[in-house]
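Worksheet: one structure, shown below.
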Amino acid sequence: MAREARIIPSSKALPVGGTVTSYVAVGDSFTEGVGDPGPDGLLTGWADRLAVQLADRLPERSAFRYANLAVRGKLLDQIAEDQVPRAAALAPDLVSLVAGGNDVLRPGTDPDDLAERFEKAVATLSGAAGTVMIATGFDTRDTPVLRHLRGKIATYNAHVRAVADRHGCLVLDLWALRSVRDRRAWDNDRLHLGPEGHTRVALRAAQLLGLDVPADPEQPWPPLRPRGTFEERRDDIAWAREYLVPWIGRRLRGESSGDHAHAKRPDLLPL
């Protein structure tokens, strides 16, 4: 069984069953919802799904306001400079900050230094928002391309938990969410969650906030048919051609997927 995400006792922590009337999501492509397109083609994602669950708890749904400032491809320093001050100015009941993942992917990044900068962003938000929720990185043990980063991610995660202890934040423990280790939780690019993965993260976040959820985020997946070595290799080659090579090319050119992207929901508005 997956370890339960910890709720840190603090005046900043949301009481179990407490009311949230405003929520601001801060981060990169994970929080923007890349990999989870809605029926209209617009991105949904775990934060949007969590916002709906929070809104549904209020007697008048229109009383709930939500902003999503996340932009794909952004590094921690960019998030801290552009999104964190905006989120602090909005002073919501709840703010989620998930940042540092793109930094960890880059060669030579020091997770200790990264964590120090992350804590400064958390300190800014904790002084302005009612409750701050931060998240660990995913466990990449079963992800061939990212497996070598597992130790680096684990080090950063340890710092994230320590930051939460010092600032009274809630910790969304994605490392412990075992259901998203299944490849069916991920988009074809293997870097972003797909719709089911985003759904399971939203359910886990709702549990952390004390909400009753309609499904278990750790619900087992149906059995997969066995796959041979040839199938696996063929899929790996196709993936590398379609996703990995372009990703490396952008890095070599100093480009980011978020260079011309903007926050999809920059203001606190009713859902």
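Residues in the structure tokens are numbered from 1 in each chain, the chains being A, B, ... in the order shown, and ligands are numbered from 1 in the order shown.
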10 Å contact set for stretch 115-129 of chain A, only C-alpha atoms, chain neighbours under 6 positions out, as a PDB file with C-alpha atoms, in the first residue's frame:
ATOM      1  CA  LYS A  12      -1.501  27.470   7.703  1.00  0.00           C
ATOM      2  CA  SER A  22     -10.423  30.495  -3.713  1.00  0.00           C
ATOM      3  CA  TYR A  23      -7.563  28.457  -5.193  1.00  0.00           C
ATOM      4  CA  VAL A  24      -4.524  29.487  -7.240  1.00  0.00           C
ATOM      5  CA  LEU A  76      11.824  27.267 -10.934  1.00  0.00           C
ATOM      6  CA  ASP A  77      13.352  30.748 -11.129  1.00  0.00           C
ATOM      7  CA  ILE A  79       7.979  30.506 -11.789  1.00  0.00           C
ATOM      8  CA  ALA A  80       9.292  32.323  -8.723  1.00  0.00           C
ATOM      9  CA  GLU A  81       9.677  35.571 -10.659  1.00  0.00           C
ATOM     10  CA  GLN A  83       3.874  33.440 -10.973  1.00  0.00           C
ATOM     11  CA  VAL A  84       4.640  33.500  -7.246  1.00  0.00           C
ATOM     12  CA  PRO A  85       4.223  37.288  -6.771  1.00  0.00           C
ATOM     13  CA  ARG A  86       0.954  37.161  -8.724  1.00  0.00           C
ATOM     14  CA  ALA A  87      -0.343  34.289  -6.609  1.00  0.00           C
ATOM     15  CA  ALA A  88       0.673  36.065  -3.408  1.00  0.00           C
ATOM     16  CA  ALA A  89      -1.122  39.221  -4.519  1.00  0.00           C
ATOM     17  CA  LEU A  90      -4.326  37.230  -5.108  1.00  0.00           C
ATOM     18  CA  ALA A  91      -4.124  35.963  -1.482  1.00  0.00           C
ATOM     19  CA  PRO A  92      -6.242  32.818  -2.011  1.00  0.00           C
ATOM     20  CA  ASP A  93      -7.455  30.372   0.602  1.00  0.00           C
ATOM     21  CA  LEU A  94      -5.333  27.703  -1.085  1.00  0.00           C
ATOM     22  CA  VAL A  95      -2.325  27.833  -3.383  1.00  0.00           C
ATOM     23  CA  SER A  96      -0.493  24.877  -4.898  1.00  0.00           C
ATOM     24  CA  LEU A  97       3.146  25.176  -5.931  1.00  0.00           C
ATOM     25  CA  VAL A  98       4.731  22.384  -7.956  1.00  0.00           C
ATOM     26  CA  ALA A  99       8.053  23.511  -9.405  1.00  0.00           C
ATOM     27  CA  GLY A 100      11.584  22.298 -10.034  1.00  0.00           C
ATOM     28  CA  THR A 155      17.149  14.187  -2.824  1.00  0.00           C
ATOM     29  CA  TYR A 156      14.956  17.056  -3.980  1.00  0.00           C
ATOM     30  CA  ASN A 157      11.910  15.344  -2.467  1.00  0.00           C
ATOM     31  CA  ALA A 158      13.623  15.141   0.910  1.00  0.00           C
ATOM     32  CA  HIS A 159      14.185  18.885   0.767  1.00  0.00           C
ATOM     33  CA  VAL A 160      10.548  19.487  -0.253  1.00  0.00           C
ATOM     34  CA  ALA A 162      11.745  19.559   5.046  1.00  0.00           C
ATOM     35  CA  VAL A 163      10.499  22.840   3.563  1.00  0.00           C
ATOM     36  CA  ALA A 164       6.941  21.731   4.314  1.00  0.00           C
ATOM     37  CA  ARG A 166       9.419  24.471   8.332  1.00  0.00           C
ATOM     38  CA  HIS A 167       6.569  26.396   6.701  1.00  0.00           C
ATOM     39  CA  GLY A 168       3.536  24.310   7.660  1.00  0.00           C
ATOM     40  CA  CYS A 169       2.639  23.253   4.124  1.00  0.00           C
TER      41      CYS A 169
END
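You can rank A:Ala185, A:Val245, A:Leu203, A:Val145 by their closest distance to A:Asp36 using only C-alpha atoms, and at the top of that list sits A:Ala185.
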Measure the distance from atom CA of A:Thr31 to atom CA of A:Trp46 in Å and round it to one decimal. 6.7 Å
Can you pull out every residue from stretch 165-258 of chain A that DSSP, working from the backbone, puts in strand (DSSP E or B), and format the result as number ranges by chain? A: 170-172, 186, 193
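Computed from the coordinates, the atom CA of A:Asp48 to atom CA of A:Thr140 distance equals 24.5 Å.
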